[in-house]
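Heads up, final32.cif below (mmCIF, C-alpha atoms):
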```cif
data_target
loop_
_atom_site.label_atom_id
_atom_site.label_comp_id
_atom_site.auth_asym_id
_atom_site.auth_seq_id
_atom_site.Cartn_x
_atom_site.Cartn_y
_atom_site.Cartn_z
CA MET A 1 155.67 106.26 156.11
CA GLU A 2 158.82 108.08 154.97
CA PRO A 3 159.98 110.97 157.14
CA LEU A 4 159.37 114.44 155.77
CA ALA A 5 162.49 116.42 154.88
CA VAL A 6 162.52 120.13 154.15
CA GLU A 7 165.77 121.87 153.38
CA ARG A 8 166.00 125.57 152.85
CA SER A 9 168.74 128.13 152.37
CA VAL A 10 168.11 131.82 152.80
CA TRP A 11 170.69 134.55 152.31
CA ILE A 12 170.17 137.49 154.67
CA ALA A 13 172.13 140.75 154.65
CA ALA A 14 173.03 140.64 158.35
CA THR A 15 175.78 139.39 160.61
CA ARG A 16 175.87 135.70 161.52
CA GLU A 17 175.14 136.60 165.11
CA ARG A 18 172.00 138.57 164.15
CA VAL A 19 170.75 135.75 161.90
CA TRP A 20 171.46 133.20 164.66
CA GLN A 21 169.32 135.24 167.05
CA ALA A 22 166.53 135.47 164.46
CA ILE A 23 166.35 131.69 163.92
CA THR A 24 166.80 130.57 167.52
CA ASP A 25 164.49 132.98 169.35
CA ALA A 26 160.85 131.80 169.21
CA GLN A 27 159.45 135.34 169.41
CA GLN A 28 161.54 136.46 166.43
CA ILE A 29 160.64 133.32 164.43
CA ASN A 30 156.97 134.03 165.07
CA GLN A 31 157.40 137.54 163.65
CA TRP A 32 159.46 136.38 160.66
CA TRP A 33 157.31 133.36 159.79
CA GLY A 34 154.10 135.36 159.93
CA GLY A 35 150.56 134.05 159.89
CA ASP A 36 148.98 132.42 162.91
CA ASP A 37 151.68 129.81 163.47
CA HIS A 38 153.17 129.64 166.94
CA TRP A 39 156.75 128.50 167.60
CA ALA A 40 158.05 127.24 170.95
CA ILE A 41 161.67 126.24 171.51
CA GLY A 42 162.28 124.03 174.55
CA GLY A 43 165.97 124.93 174.78
CA LEU A 44 169.00 125.44 172.56
CA HIS A 45 170.63 122.05 172.93
CA VAL A 46 170.68 118.81 170.98
CA GLY A 47 167.61 116.77 171.85
CA ALA A 48 165.41 119.75 172.81
CA THR A 49 162.03 119.98 171.10
CA ILE A 50 160.54 122.67 168.92
CA THR A 51 156.81 122.87 168.31
CA PHE A 52 155.25 124.94 165.58
CA GLY A 53 151.99 125.33 163.75
CA GLN A 54 148.51 125.96 165.03
CA GLY A 55 145.58 124.00 166.36
CA ASP A 56 145.48 120.39 165.16
CA ASP A 57 148.24 121.12 162.62
CA ARG A 58 151.00 121.48 165.21
CA MET A 59 154.28 119.69 164.49
CA ILE A 60 157.11 118.67 166.78
CA ALA A 61 160.77 118.59 165.77
CA THR A 62 163.94 117.72 167.68
CA ILE A 63 167.09 119.82 167.58
CA ALA A 64 169.82 117.75 165.94
CA VAL A 65 172.71 120.25 165.67
CA VAL A 66 173.51 123.44 167.58
CA ASP A 67 176.75 125.12 166.49
CA PRO A 68 176.41 128.87 167.13
CA PRO A 69 176.41 130.89 164.98
CA ARG A 70 177.03 128.49 162.08
CA GLN A 71 174.51 125.67 162.10
CA PHE A 72 171.10 124.98 163.59
CA ARG A 73 169.35 121.84 162.37
CA ILE A 74 166.16 120.12 163.44
CA ASN A 75 164.80 116.68 162.62
#
```
Output the structure of this file as structure tokens.
Amino acid sequence: MEPLAVERSVWIAATRERVWQAITDAQQINQWWGGDDHWAIGGLHVGATITFGQGDDRMIATIAVVDPPRQFRIN
């Protein structure tokens, strides 16, 4: 099975620091993402895990790049 890849760019009228906070704080992601999905971030370092989704549809990703406030990438 090929790995799933999703790439997305979003332009937000805010400072880099504010956007960084919005995408790396699980509580803020939960508010922004909406719906019943739940996000949990195990830490802000390469190799930490992020879980998101709900019920049996939960997914797990691994943080690949942390370069505040420029780049945050998960695999």
Counting all atoms listed in the file, what is within 12 Å of A:Glu7, bar same-chain residues fewer than 5 positions away, as a PDB file with C-alpha atoms, in the frame of the given file?
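This is the output file around-v3.pdb:
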```pdb
ATOM      1  CA  PHE A  72     171.100 124.980 163.590  1.00  0.00           C
ATOM      2  CA  ARG A  73     169.350 121.840 162.370  1.00  0.00           C
ATOM      3  CA  ILE A  74     166.160 120.120 163.440  1.00  0.00           C
ATOM      4  CA  ASN A  75     164.800 116.680 162.620  1.00  0.00           C
TER       5      ASN A  75
END
```
Would you kindly return, as number ranges by chain, each protein, DNA or RNA residue with an atom no farther than 10 Å from any atom of stretch 44-61 of chain A, considering only C-alpha atoms and excluding same-chain residues fewer than 3 positions away? A: 24-26, 30, 35-41, 64-68, 72-75
Go ahead and find all residues with at least one atom no further than 10 Å from (168.2, 130.9, 162.3) in the file's coordinates, using all atoms listed in the file; report them as a VMD selection string. chain A and resid 10 16 to 25 28 to 29 68 to 73
Generate the output file for the selected residues, C-alpha atoms, as a tab-separated table (two decimals), in the coordinates of the input.
```tsv
chain	number	residue	atom	x	y	z
A	10	VAL	CA	168.11	131.82	152.80
A	16	ARG	CA	175.87	135.70	161.52
A	17	GLU	CA	175.14	136.60	165.11
A	18	ARG	CA	172.00	138.57	164.15
A	19	VAL	CA	170.75	135.75	161.90
A	20	TRP	CA	171.46	133.20	164.66
A	21	GLN	CA	169.32	135.24	167.05
A	22	ALA	CA	166.53	135.47	164.46
A	23	ILE	CA	166.35	131.69	163.92
A	24	THR	CA	166.80	130.57	167.52
A	25	ASP	CA	164.49	132.98	169.35
A	28	GLN	CA	161.54	136.46	166.43
A	29	ILE	CA	160.64	133.32	164.43
A	68	PRO	CA	176.41	128.87	167.13
A	69	PRO	CA	176.41	130.89	164.98
A	70	ARG	CA	177.03	128.49	162.08
A	71	GLN	CA	174.51	125.67	162.10
A	72	PHE	CA	171.10	124.98	163.59
A	73	ARG	CA	169.35	121.84	162.37
```
In Å, how far is it from atom CA of A:Ile63 to atom CA of A:Gly43?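 Separation between atom CA of A:Ile63 and atom CA of A:Gly43: 8.9 Å.
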